[in-house]
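What follows is data-v4.cif (mmCIF, C-alpha atoms).
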```cif
data_target
loop_
_atom_site.group_PDB
_atom_site.id
_atom_site.type_symbol
_atom_site.label_atom_id
_atom_site.label_comp_id
_atom_site.auth_asym_id
_atom_site.auth_seq_id
_atom_site.Cartn_x
_atom_site.Cartn_y
_atom_site.Cartn_z
ATOM 1 C CA MET A 1 3.894 3.277 -30.345
ATOM 2 C CA PRO A 2 3.414 1.185 -27.215
ATOM 3 C CA LEU A 3 3.427 2.616 -23.727
ATOM 4 C CA SER A 4 6.846 2.723 -22.098
ATOM 5 C CA PHE A 5 7.722 2.655 -18.413
ATOM 6 C CA HIS A 6 10.768 4.240 -16.817
ATOM 7 C CA GLN A 7 11.181 2.673 -13.395
ATOM 8 C CA THR A 8 12.620 5.099 -10.846
ATOM 9 C CA LYS A 9 12.851 2.856 -7.787
ATOM 10 C CA GLU A 10 14.511 -0.494 -7.078
ATOM 11 C CA PRO A 11 13.194 -3.212 -4.713
ATOM 12 C CA THR A 12 13.907 -2.527 -1.053
ATOM 13 C CA ASP A 13 17.201 -3.779 0.343
ATOM 14 C CA LEU A 14 16.004 -3.632 3.952
ATOM 15 C CA THR A 15 16.649 -7.089 5.410
ATOM 16 C CA THR A 16 13.963 -6.606 8.054
ATOM 17 C CA VAL A 17 11.335 -6.082 5.355
ATOM 18 C CA HIS A 18 12.448 -9.220 3.531
ATOM 19 C CA GLU A 19 12.218 -11.235 6.740
ATOM 20 C CA LEU A 20 8.706 -9.970 7.481
ATOM 21 C CA VAL A 21 7.571 -10.860 3.946
ATOM 22 C CA ARG A 22 9.113 -14.326 4.350
ATOM 23 C CA LEU A 23 7.134 -14.835 7.576
ATOM 24 C CA VAL A 24 3.930 -13.707 5.835
ATOM 25 C CA LYS A 25 4.516 -16.263 3.074
ATOM 26 C CA GLN A 26 4.823 -18.971 5.708
ATOM 27 C CA GLU A 27 1.923 -17.766 7.878
ATOM 28 C CA PRO A 28 -0.440 -15.151 6.354
ATOM 29 C CA ASP A 29 -1.738 -14.047 9.771
ATOM 30 C CA VAL A 30 1.645 -12.413 10.309
ATOM 31 C CA PHE A 31 0.518 -9.714 7.875
ATOM 32 C CA ARG A 32 -2.730 -9.123 9.758
ATOM 33 C CA THR A 33 -0.762 -8.803 12.999
ATOM 34 C CA VAL A 34 1.972 -6.511 11.691
ATOM 35 C CA ALA A 35 -0.509 -4.316 9.793
ATOM 36 C CA ARG A 36 -2.643 -3.917 12.918
ATOM 37 C CA ILE A 37 0.397 -2.915 14.980
ATOM 38 C CA PHE A 38 1.723 -0.517 12.309
ATOM 39 C CA ASP A 39 -1.743 1.053 12.151
ATOM 40 C CA ARG A 40 -2.086 1.463 15.908
ATOM 41 C CA TYR A 41 1.493 2.593 16.635
ATOM 42 C CA LYS A 42 2.350 4.989 13.836
ATOM 43 C CA THR A 43 5.655 6.469 15.078
ATOM 44 C CA ASP A 44 8.849 5.200 16.671
ATOM 45 C CA LYS A 45 8.158 7.444 19.664
ATOM 46 C CA GLU A 46 5.655 4.824 20.825
ATOM 47 C CA ALA A 47 8.549 2.521 21.790
ATOM 48 C CA TYR A 48 9.587 4.879 24.569
ATOM 49 C CA LYS A 49 6.213 4.846 26.302
ATOM 50 C CA GLU A 50 5.869 2.759 29.431
ATOM 51 C CA GLY A 51 4.417 -0.676 28.730
ATOM 52 C CA PHE A 52 4.943 -0.566 24.950
ATOM 53 C CA ASP A 53 6.721 -3.923 24.718
ATOM 54 C CA GLU A 54 4.011 -5.595 26.788
ATOM 55 C CA GLU A 55 1.278 -4.139 24.552
ATOM 56 C CA ILE A 56 3.034 -5.424 21.423
ATOM 57 C CA GLU A 57 3.364 -8.862 22.989
ATOM 58 C CA LEU A 58 -0.339 -8.925 23.871
ATOM 59 C CA MET A 59 -1.328 -7.915 20.335
ATOM 60 C CA ILE A 60 0.863 -10.611 18.794
ATOM 61 C CA GLY A 61 -0.552 -13.165 21.221
ATOM 62 C CA GLN A 62 -4.205 -12.608 20.313
ATOM 63 C CA PRO A 63 -5.842 -16.072 20.098
ATOM 64 C CA GLY A 64 -7.564 -15.181 16.821
ATOM 65 C CA PHE A 65 -4.204 -14.904 15.043
ATOM 66 C CA ARG A 66 -3.121 -18.264 13.661
ATOM 67 C CA ILE A 67 0.609 -17.926 14.250
ATOM 68 C CA ARG A 68 2.895 -20.575 15.694
ATOM 69 C CA LEU A 69 4.528 -19.856 19.052
ATOM 70 C CA LYS A 70 7.996 -19.897 17.482
ATOM 71 C CA THR A 71 6.893 -17.292 14.923
ATOM 72 C CA ARG A 72 5.240 -15.145 17.608
ATOM 73 C CA LYS A 73 8.489 -14.979 19.537
ATOM 74 C CA ARG A 74 10.466 -14.091 16.415
ATOM 75 C CA LEU A 75 7.897 -11.488 15.387
ATOM 76 C CA LEU A 76 7.968 -9.860 18.818
ATOM 77 C CA LYS A 77 11.746 -9.550 18.650
ATOM 78 C CA ILE A 78 11.623 -8.068 15.141
ATOM 79 C CA LEU A 79 8.907 -5.520 15.927
ATOM 80 C CA LYS A 80 10.529 -4.350 19.166
ATOM 81 C CA ALA A 81 13.719 -3.735 17.192
ATOM 82 C CA ILE A 82 11.913 -1.988 14.293
ATOM 83 C CA TYR A 83 10.348 0.605 16.591
ATOM 84 C CA ARG A 84 13.795 1.466 17.966
ATOM 85 C CA GLN A 85 15.450 2.016 14.604
ATOM 86 C CA PRO A 86 15.908 5.434 12.954
ATOM 87 C CA THR A 87 14.636 3.837 9.728
ATOM 88 C CA PHE A 88 11.283 2.906 11.319
ATOM 89 C CA GLN A 89 9.101 4.918 8.921
ATOM 90 C CA GLN A 90 11.059 3.623 5.947
ATOM 91 C CA ILE A 91 10.555 0.024 7.094
ATOM 92 C CA ARG A 92 6.857 0.610 7.797
ATOM 93 C CA SER A 93 6.302 1.991 4.290
ATOM 94 C CA ALA A 94 8.572 -0.492 2.497
ATOM 95 C CA PHE A 95 6.823 -3.499 4.047
ATOM 96 C CA LEU A 96 3.479 -2.426 2.593
ATOM 97 C CA GLU A 97 5.013 -1.871 -0.850
ATOM 98 C CA ALA A 98 6.788 -5.241 -0.671
ATOM 99 C CA ILE A 99 3.488 -6.968 0.169
ATOM 100 C CA ILE A 100 1.814 -5.368 -2.850
ATOM 101 C CA GLU A 101 4.719 -6.431 -5.073
ATOM 102 C CA GLN A 102 4.636 -9.978 -3.685
ATOM 103 C CA TYR A 103 0.861 -10.546 -3.773
ATOM 104 C CA GLY A 104 -0.408 -8.115 -6.409
ATOM 105 C CA PRO A 105 -2.321 -7.483 -8.495
ATOM 106 C CA ILE A 106 -5.062 -7.164 -5.905
ATOM 107 C CA HIS A 107 -7.999 -6.909 -8.299
ATOM 108 C CA PRO A 108 -8.979 -10.440 -9.430
ATOM 109 C CA THR A 109 -9.356 -9.572 -13.133
ATOM 110 C CA ILE A 110 -5.830 -8.203 -13.598
ATOM 111 C CA SER A 111 -3.006 -10.237 -15.110
ATOM 112 C CA TYR A 112 0.553 -9.057 -15.646
ATOM 113 C CA LYS A 113 3.961 -9.779 -17.108
ATOM 114 C CA GLU A 114 5.903 -6.896 -15.572
ATOM 115 C CA ILE A 115 5.997 -5.067 -12.246
ATOM 116 C CA TYR A 116 7.208 -1.469 -12.258
ATOM 117 C CA ARG A 117 8.143 0.473 -9.134
ATOM 118 C CA GLU A 118 7.336 4.190 -9.214
ATOM 119 C CA PRO A 119 7.489 4.381 -13.018
ATOM 120 C CA LEU A 120 7.174 7.423 -15.187
ATOM 121 C CA ILE A 121 4.791 6.373 -17.981
ATOM 122 C CA TYR A 122 5.233 7.569 -21.566
ATOM 123 C CA ASP A 123 3.158 7.319 -24.715
ATOM 124 C CA ASP A 124 5.031 8.055 -27.948
ATOM 125 C CA GLY A 125 7.736 9.811 -25.954
ATOM 126 C CA GLU A 126 5.312 12.051 -24.043
ATOM 127 C CA MET A 127 4.902 11.556 -20.299
ATOM 128 C CA ILE A 128 1.264 10.938 -19.397
ATOM 129 C CA GLY A 129 -0.590 12.022 -16.282
ATOM 130 C CA GLY A 130 1.445 15.180 -15.855
ATOM 131 C CA TYR A 131 2.924 16.534 -12.616
ATOM 132 C CA GLU A 132 5.882 14.082 -12.819
ATOM 133 C CA CYS A 133 4.186 11.997 -10.138
ATOM 134 C CA ARG A 134 4.382 8.223 -9.871
ATOM 135 C CA MET A 135 2.292 5.334 -8.592
ATOM 136 C CA ASP A 136 4.189 3.093 -6.182
ATOM 137 C CA VAL A 137 3.546 -0.232 -7.934
ATOM 138 C CA VAL A 138 2.255 -0.872 -11.469
ATOM 139 C CA PHE A 139 1.279 -4.278 -12.876
ATOM 140 C CA HIS A 140 1.298 -4.345 -16.690
ATOM 141 C CA GLU A 141 0.720 -7.118 -19.220
ATOM 142 C CA GLN A 142 0.106 -5.346 -22.525
ATOM 143 C CA ASP A 143 -1.386 -2.037 -23.577
ATOM 144 C CA ASP A 144 -4.802 -3.397 -24.577
ATOM 145 C CA VAL A 145 -5.234 -5.198 -21.239
ATOM 146 C CA PRO A 146 -6.139 -3.319 -18.016
ATOM 147 C CA MET A 147 -3.200 -2.633 -15.738
ATOM 148 C CA GLU A 148 -3.354 -2.140 -11.986
ATOM 149 C CA MET A 149 -1.677 0.842 -10.340
ATOM 150 C CA VAL A 150 -1.390 0.989 -6.553
ATOM 151 C CA GLU A 151 -0.390 3.900 -4.341
ATOM 152 C CA CYS A 152 0.738 2.732 -0.885
ATOM 153 C CA LYS A 153 -0.047 4.869 2.149
ATOM 154 C CA ALA A 154 0.823 3.374 5.533
ATOM 155 C CA ASN A 155 -1.840 5.666 7.027
ATOM 156 C CA ILE A 156 -4.421 6.669 4.415
ATOM 157 C CA GLU A 157 -5.919 9.166 6.881
ATOM 158 C CA SER A 158 -2.711 11.208 6.736
ATOM 159 C CA PHE A 159 -3.360 11.720 3.010
ATOM 160 C CA LEU A 160 -7.167 11.769 2.670
ATOM 161 C CA SER A 161 -10.012 12.261 5.102
ATOM 162 C CA ALA A 162 -13.755 11.738 5.290
ATOM 163 C CA THR A 163 -14.346 15.492 5.543
ATOM 164 C CA SER A 164 -11.686 17.017 3.269
ATOM 165 C CA VAL A 165 -13.014 19.266 0.511
ATOM 166 C CA TRP A 166 -11.783 18.866 -3.065
ATOM 167 C CA ASN A 167 -9.330 21.599 -4.140
ATOM 168 C CA GLN A 168 -8.791 22.591 -0.508
ATOM 169 C CA MET A 169 -6.294 19.812 0.181
ATOM 170 C CA LYS A 170 -2.600 20.442 0.706
ATOM 171 C CA GLN A 171 -0.820 21.103 -2.582
ATOM 172 C CA ASN A 172 1.246 17.900 -2.650
ATOM 173 C CA ARG A 173 -1.824 15.731 -2.016
ATOM 174 C CA LEU A 174 -3.891 17.557 -4.599
ATOM 175 C CA LYS A 175 -1.057 17.148 -7.099
ATOM 176 C CA LYS A 176 -1.030 13.363 -6.584
ATOM 177 C CA MET A 177 -4.820 13.151 -6.893
ATOM 178 C CA HIS A 178 -4.789 15.158 -10.136
ATOM 179 C CA TYR A 179 -2.093 12.826 -11.457
ATOM 180 C CA MET A 180 -4.153 9.724 -10.651
ATOM 181 C CA ILE A 181 -7.271 11.211 -12.250
ATOM 182 C CA ASN A 182 -5.390 12.337 -15.380
ATOM 183 C CA LEU A 183 -3.702 8.950 -15.706
ATOM 184 C CA HIS A 184 -7.013 7.111 -15.409
ATOM 185 C CA LYS A 185 -8.692 9.401 -17.967
ATOM 186 C CA TYR A 186 -5.874 9.128 -20.519
ATOM 187 C CA LEU A 187 -5.614 5.337 -20.358
ATOM 188 C CA ARG A 188 -9.397 4.895 -20.453
ATOM 189 C CA GLU A 189 -9.737 7.103 -23.541
ATOM 190 C CA CYS A 190 -6.613 6.022 -25.455
ATOM 191 C CA TYR A 191 -6.104 2.401 -24.379
ATOM 192 C CA VAL A 192 -8.199 0.570 -21.774
ATOM 193 C CA GLU A 193 -9.481 1.612 -18.345
ATOM 194 C CA PRO A 194 -6.965 0.747 -15.611
ATOM 195 C CA VAL A 195 -7.596 -0.382 -12.052
ATOM 196 C CA LEU A 196 -6.226 2.297 -9.761
ATOM 197 C CA GLY A 197 -6.271 2.703 -5.999
ATOM 198 C CA PHE A 198 -4.696 3.000 -2.560
ATOM 199 C CA ALA A 199 -3.345 0.277 -0.255
ATOM 200 C CA PHE A 200 -2.971 0.986 3.458
ATOM 201 C CA TYR A 201 -2.807 -0.463 6.975
ATOM 202 C CA ASN A 202 -5.998 1.202 8.229
ATOM 203 C CA GLU A 203 -8.957 -1.058 8.915
ATOM 204 C CA ASN A 204 -12.046 1.036 8.250
ATOM 205 C CA CYS A 205 -12.145 3.647 5.499
ATOM 206 C CA GLN A 206 -15.831 3.614 4.568
ATOM 207 C CA LEU A 207 -16.523 7.306 5.245
ATOM 208 C CA LEU A 208 -13.323 8.364 3.503
ATOM 209 C CA LYS A 209 -14.221 6.157 0.546
ATOM 210 C CA GLU A 210 -17.702 7.695 0.354
ATOM 211 C CA ASN A 211 -16.176 11.176 0.356
ATOM 212 C CA VAL A 212 -13.902 10.372 -2.603
ATOM 213 C CA HIS A 213 -16.541 8.423 -4.541
ATOM 214 C CA GLU A 214 -19.659 10.484 -3.902
ATOM 215 C CA ASN A 215 -18.601 14.001 -2.898
ATOM 216 C CA TRP A 216 -15.536 14.300 -5.116
ATOM 217 C CA GLY A 217 -16.996 12.194 -7.925
ATOM 218 C CA PHE A 218 -14.175 9.684 -8.455
ATOM 219 C CA PRO A 219 -15.823 6.259 -8.010
ATOM 220 C CA PHE A 220 -13.063 4.489 -9.957
ATOM 221 C CA ILE A 221 -10.524 4.929 -7.137
ATOM 222 C CA ARG A 222 -10.244 1.718 -5.129
ATOM 223 C CA PHE A 223 -9.351 1.320 -1.467
ATOM 224 C CA TYR A 224 -7.440 -1.741 -0.277
ATOM 225 C CA SER A 225 -7.586 -1.853 3.519
ATOM 226 C CA ARG A 226 -5.564 -4.318 5.590
ATOM 227 C CA ARG A 227 -8.633 -6.565 5.756
ATOM 228 C CA ILE A 228 -8.885 -6.724 1.958
ATOM 229 C CA LEU A 229 -5.131 -7.273 1.644
ATOM 230 C CA TYR A 230 -5.184 -10.027 4.272
ATOM 231 C CA GLN A 231 -8.030 -11.844 2.524
ATOM 232 C CA HIS A 232 -6.161 -11.568 -0.766
ATOM 233 C CA ILE A 233 -2.962 -12.963 0.793
ATOM 234 C CA CYS A 234 -4.887 -15.916 2.240
ATOM 235 C CA GLU A 235 -6.348 -16.693 -1.197
ATOM 236 C CA LYS A 236 -2.880 -16.585 -2.758
ATOM 237 C CA GLU A 237 -1.279 -18.800 -0.115
#
```
Written form, structure tokens:
Amino acid sequence: MPLSFHQTKEPTDLTTVHELVRLVKQEPDVFRTVARIFDRYKTDKEAYKEGFDEEIELMIGQPGFRIRLKTRKRLLKILKAIYRQPTFQQIRSAFLEAIIEQYGPIHPTISYKEIYREPLIYDDGEMIGGYECRMDVVFHEQDDVPMEMVECKANIESFLSATSVWNQMKQNRLKKMHYMINLHKYLRECYVEPVLGFAFYNENCQLLKENVHENWGFPFIRFYSRRILYQHICEKE
């Protein structure tokens, strides 16, 4: 029997997220700007610090960002409002997932017919991977073609680190890692090896990547930093 996917999450209905994605489609440097700000200012508490609005304005106004003045002004208004909303963390996470849905797959060899959001994956009625975990976004064409599975982490360093020791991680993180490893192993042995990895706002993850690939022994896990995502968006647009 073919693989089956039970989607457990619907597309975001946050209007702010949709507007940010629309701006990215018009001007890709909007993503680079927003991702940099979401990486630097990780909580809504930042908005209550003296000079926060001025710092945001300076970051948006960097001359290296190719964004029209009209868009800069709109972006500043949106971001100032986002950091003062109780749903800030939800918006910050949902924007990253929406970008992956809009511009994925990220790996250049992957094609797809369907996008699944946080699916449970079954083979012949049996759930694969175990742990009842889910990947945030899955791109699938057919079972004998590699699929891409992306886990979105606004701050990858809150989930993994360059010095963390395997099997000494917090239980929920270890559970997700075991799920990803089991999923990769099952699909590689029974169907075809998938592309599997993390997407995040952080800029530099080289040491963390080396820890996962070399110390833990999982070189198949990919890391899509904001730089990689930005380059991919530019190629698409």
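Among the candidates A:Lys42, A:Lys77, A:Lys170, A:Lys176, the one nearest to Phe198 of chain A when counting all atoms listed in the file is A:Lys176.
Note that atom CA of Trp166 of chain A and atom CA of Trp216 of chain A are 6.3 Å apart.
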Per residue of segment 8-86 of chain A within 7 Å of segment 230-235 of chain A, which atom pair is closest and at what distance in Å (one decimal), using all atoms listed in the file, listed by chain and increasing number, as JSON lines?
```
{"residue": "A:Pro28", "atom": "CA", "partner": "A:Cys234", "partner_atom": "CA", "distance": 6.1}
{"residue": "A:Phe31", "atom": "CA", "partner": "A:Tyr230", "partner_atom": "CA", "distance": 6.8}
{"residue": "A:Arg32", "atom": "CA", "partner": "A:Tyr230", "partner_atom": "CA", "distance": 6.1}
```
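Among the candidates A:Phe95, A:Ala154, A:Ala47, A:Glu114, the one nearest to Val24 of chain A when counting only C-alpha atoms is A:Phe95.
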For this session: For the structure provided, state which residues fall under the PyMOL selection byres ((chain A and resi 20) around 9), and present them as a ChimeraX atom specification.
Result: /A:15-19,21-25,30-31,34,75,78,95
Seminar exercise, completed: Ala94 of chain A proximity check over A:Ile181, A:Val137, A:Val165, A:Ile156, using all atoms listed in the file: winner is A:Val137
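The residues caught by the PyMOL selection byres ((chain A and resi 151) around 7) in this file are Met135, Asp136, Val137, Met149, Val150, Cys152, Lys153, Gly197, Phe198 and Ala199 of chain A.
Using all atoms listed in the file, the residues found no farther than 9 Å from Gly129 of chain A, other than those of its own chain fewer than 6 positions away, are Ile121, His178, Tyr179, Met180, Ile181, Asn182, Leu183, His184, Lys185 and Tyr186 of chain A.
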For this session: Return as a list in words the set of residues that the PyMOL selection byres ((chain A and resi 117) around 9) yields on the displayed structure.
Result: His6, Gln7, Thr8, Lys9, Glu10, Pro11, Glu101, Ile115, Tyr116, Glu118, Pro119, Arg134, Met135, Asp136, Val137 and Val138 of chain A
Problem set entry | Asn172 of chain A environment, 12 Å, all atoms listed in the file, sequence neighbours closer than 6 positions dropped, as a VMD selection string | chain A and resid 131 to 133 159 to 160 178 to 179
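Counting only C-alpha atoms, the residue from A:Met177, A:Leu69, A:His107, A:Glu46 that sits nearest to Gln85 of chain A is A:Glu46.
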Supply segment 137-169 of chain A as an mmCIF file, in the frame of the given file, with N, CA and C atoms built in where the input has gaps.
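Output saved as out.cif:
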```
data_model
loop_
_atom_site.group_PDB
_atom_site.id
_atom_site.type_symbol
_atom_site.label_atom_id
_atom_site.label_comp_id
_atom_site.auth_asym_id
_atom_site.auth_seq_id
_atom_site.Cartn_x
_atom_site.Cartn_y
_atom_site.Cartn_z
ATOM 1 N N VAL A 137 3.389 1.068 -7.278
ATOM 2 C CA VAL A 137 3.546 -0.232 -7.934
ATOM 3 C C VAL A 137 2.569 -0.322 -9.105
ATOM 4 N N VAL A 138 3.084 -0.728 -10.270
ATOM 5 C CA VAL A 138 2.255 -0.872 -11.469
ATOM 6 C C VAL A 138 2.424 -2.283 -12.028
ATOM 7 N N PHE A 139 1.288 -2.944 -12.282
ATOM 8 C CA PHE A 139 1.279 -4.278 -12.876
ATOM 9 C C PHE A 139 0.784 -4.149 -14.317
ATOM 10 N N HIS A 140 1.622 -4.552 -15.276
ATOM 11 C CA HIS A 140 1.298 -4.345 -16.690
ATOM 12 C C HIS A 140 1.522 -5.626 -17.485
ATOM 13 N N GLU A 141 0.559 -5.975 -18.325
ATOM 14 C CA GLU A 141 0.720 -7.118 -19.220
ATOM 15 C C GLU A 141 0.954 -6.641 -20.642
ATOM 16 N N GLN A 142 -0.037 -5.964 -21.214
ATOM 17 C CA GLN A 142 0.106 -5.346 -22.525
ATOM 18 C C GLN A 142 -0.871 -4.185 -22.596
ATOM 19 N N ASP A 143 -0.665 -3.308 -23.563
ATOM 20 C CA ASP A 143 -1.386 -2.037 -23.577
ATOM 21 C C ASP A 143 -2.888 -2.160 -23.759
ATOM 22 N N ASP A 144 -3.359 -3.234 -24.368
ATOM 23 C CA ASP A 144 -4.802 -3.397 -24.577
ATOM 24 C C ASP A 144 -5.458 -4.247 -23.486
ATOM 25 N N VAL A 145 -4.724 -4.459 -22.397
ATOM 26 C CA VAL A 145 -5.234 -5.198 -21.239
ATOM 27 C C VAL A 145 -5.154 -4.268 -20.026
ATOM 28 N N PRO A 146 -6.193 -4.217 -19.176
ATOM 29 C CA PRO A 146 -6.139 -3.319 -18.016
ATOM 30 C C PRO A 146 -4.926 -3.579 -17.130
ATOM 31 N N MET A 147 -4.291 -2.527 -16.704
ATOM 32 C CA MET A 147 -3.200 -2.633 -15.738
ATOM 33 C C MET A 147 -3.703 -2.187 -14.375
ATOM 34 N N GLU A 148 -3.009 -2.612 -13.329
ATOM 35 C CA GLU A 148 -3.354 -2.140 -11.986
ATOM 36 C C GLU A 148 -2.229 -1.257 -11.468
ATOM 37 N N MET A 149 -2.624 -0.113 -10.898
ATOM 38 C CA MET A 149 -1.677 0.842 -10.340
ATOM 39 C C MET A 149 -2.053 1.112 -8.896
ATOM 40 N N VAL A 150 -1.105 0.891 -7.984
ATOM 41 C CA VAL A 150 -1.390 0.989 -6.553
ATOM 42 C C VAL A 150 -0.494 2.033 -5.908
ATOM 43 N N GLU A 151 -1.103 2.915 -5.157
ATOM 44 C CA GLU A 151 -0.390 3.900 -4.341
ATOM 45 C C GLU A 151 -0.467 3.435 -2.888
ATOM 46 N N CYS A 152 0.692 3.246 -2.259
ATOM 47 C CA CYS A 152 0.738 2.732 -0.885
ATOM 48 C C CYS A 152 0.829 3.890 0.114
ATOM 49 N N LYS A 153 -0.053 3.878 1.075
ATOM 50 C CA LYS A 153 -0.047 4.869 2.149
ATOM 51 C C LYS A 153 -0.189 4.117 3.471
ATOM 52 N N ALA A 154 0.875 4.101 4.271
ATOM 53 C CA ALA A 154 0.823 3.374 5.533
ATOM 54 C C ALA A 154 -0.384 3.812 6.361
ATOM 55 N N ASN A 155 -0.660 5.113 6.348
ATOM 56 C CA ASN A 155 -1.840 5.666 7.027
ATOM 57 C C ASN A 155 -2.612 6.505 6.021
ATOM 58 N N ILE A 156 -3.657 5.959 5.448
ATOM 59 C CA ILE A 156 -4.421 6.669 4.415
ATOM 60 C C ILE A 156 -5.036 7.953 4.973
ATOM 61 N N GLU A 157 -5.292 7.990 6.283
ATOM 62 C CA GLU A 157 -5.919 9.166 6.881
ATOM 63 C C GLU A 157 -4.955 10.347 6.993
ATOM 64 N N SER A 158 -3.666 10.091 6.769
ATOM 65 C CA SER A 158 -2.711 11.208 6.736
ATOM 66 C C SER A 158 -2.675 11.851 5.354
ATOM 67 N N PHE A 159 -3.343 11.210 4.375
ATOM 68 C CA PHE A 159 -3.360 11.720 3.010
ATOM 69 C C PHE A 159 -4.755 12.192 2.605
ATOM 70 N N LEU A 160 -5.781 11.424 2.970
ATOM 71 C CA LEU A 160 -7.167 11.769 2.670
ATOM 72 C C LEU A 160 -7.979 11.723 3.962
ATOM 73 N N SER A 161 -9.138 12.345 3.940
ATOM 74 C CA SER A 161 -10.012 12.261 5.102
ATOM 75 C C SER A 161 -11.464 12.215 4.649
ATOM 76 N N ALA A 162 -12.325 11.852 5.584
ATOM 77 C CA ALA A 162 -13.755 11.738 5.290
ATOM 78 C C ALA A 162 -14.412 13.101 5.137
ATOM 79 N N THR A 163 -13.727 14.160 5.572
ATOM 80 C CA THR A 163 -14.346 15.492 5.543
ATOM 81 C C THR A 163 -13.599 16.482 4.657
ATOM 82 N N SER A 164 -12.460 16.071 4.080
ATOM 83 C CA SER A 164 -11.686 17.017 3.269
ATOM 84 C C SER A 164 -12.462 17.435 2.023
ATOM 85 N N VAL A 165 -12.298 18.682 1.643
ATOM 86 C CA VAL A 165 -13.014 19.266 0.511
ATOM 87 C C VAL A 165 -12.077 19.310 -0.692
ATOM 88 N N TRP A 166 -12.581 18.877 -1.844
ATOM 89 C CA TRP A 166 -11.783 18.866 -3.065
ATOM 90 C C TRP A 166 -11.265 20.268 -3.386
ATOM 91 N N ASN A 167 -10.025 20.355 -3.797
ATOM 92 C CA ASN A 167 -9.330 21.599 -4.140
ATOM 93 C C ASN A 167 -8.964 22.435 -2.923
ATOM 94 N N GLN A 168 -9.252 21.904 -1.709
ATOM 95 C CA GLN A 168 -8.791 22.591 -0.508
ATOM 96 C C GLN A 168 -7.780 21.730 0.258
ATOM 97 N N MET A 169 -7.311 20.684 -0.409
ATOM 98 C CA MET A 169 -6.294 19.812 0.181
ATOM 99 C C MET A 169 -4.924 20.489 0.084
#
```
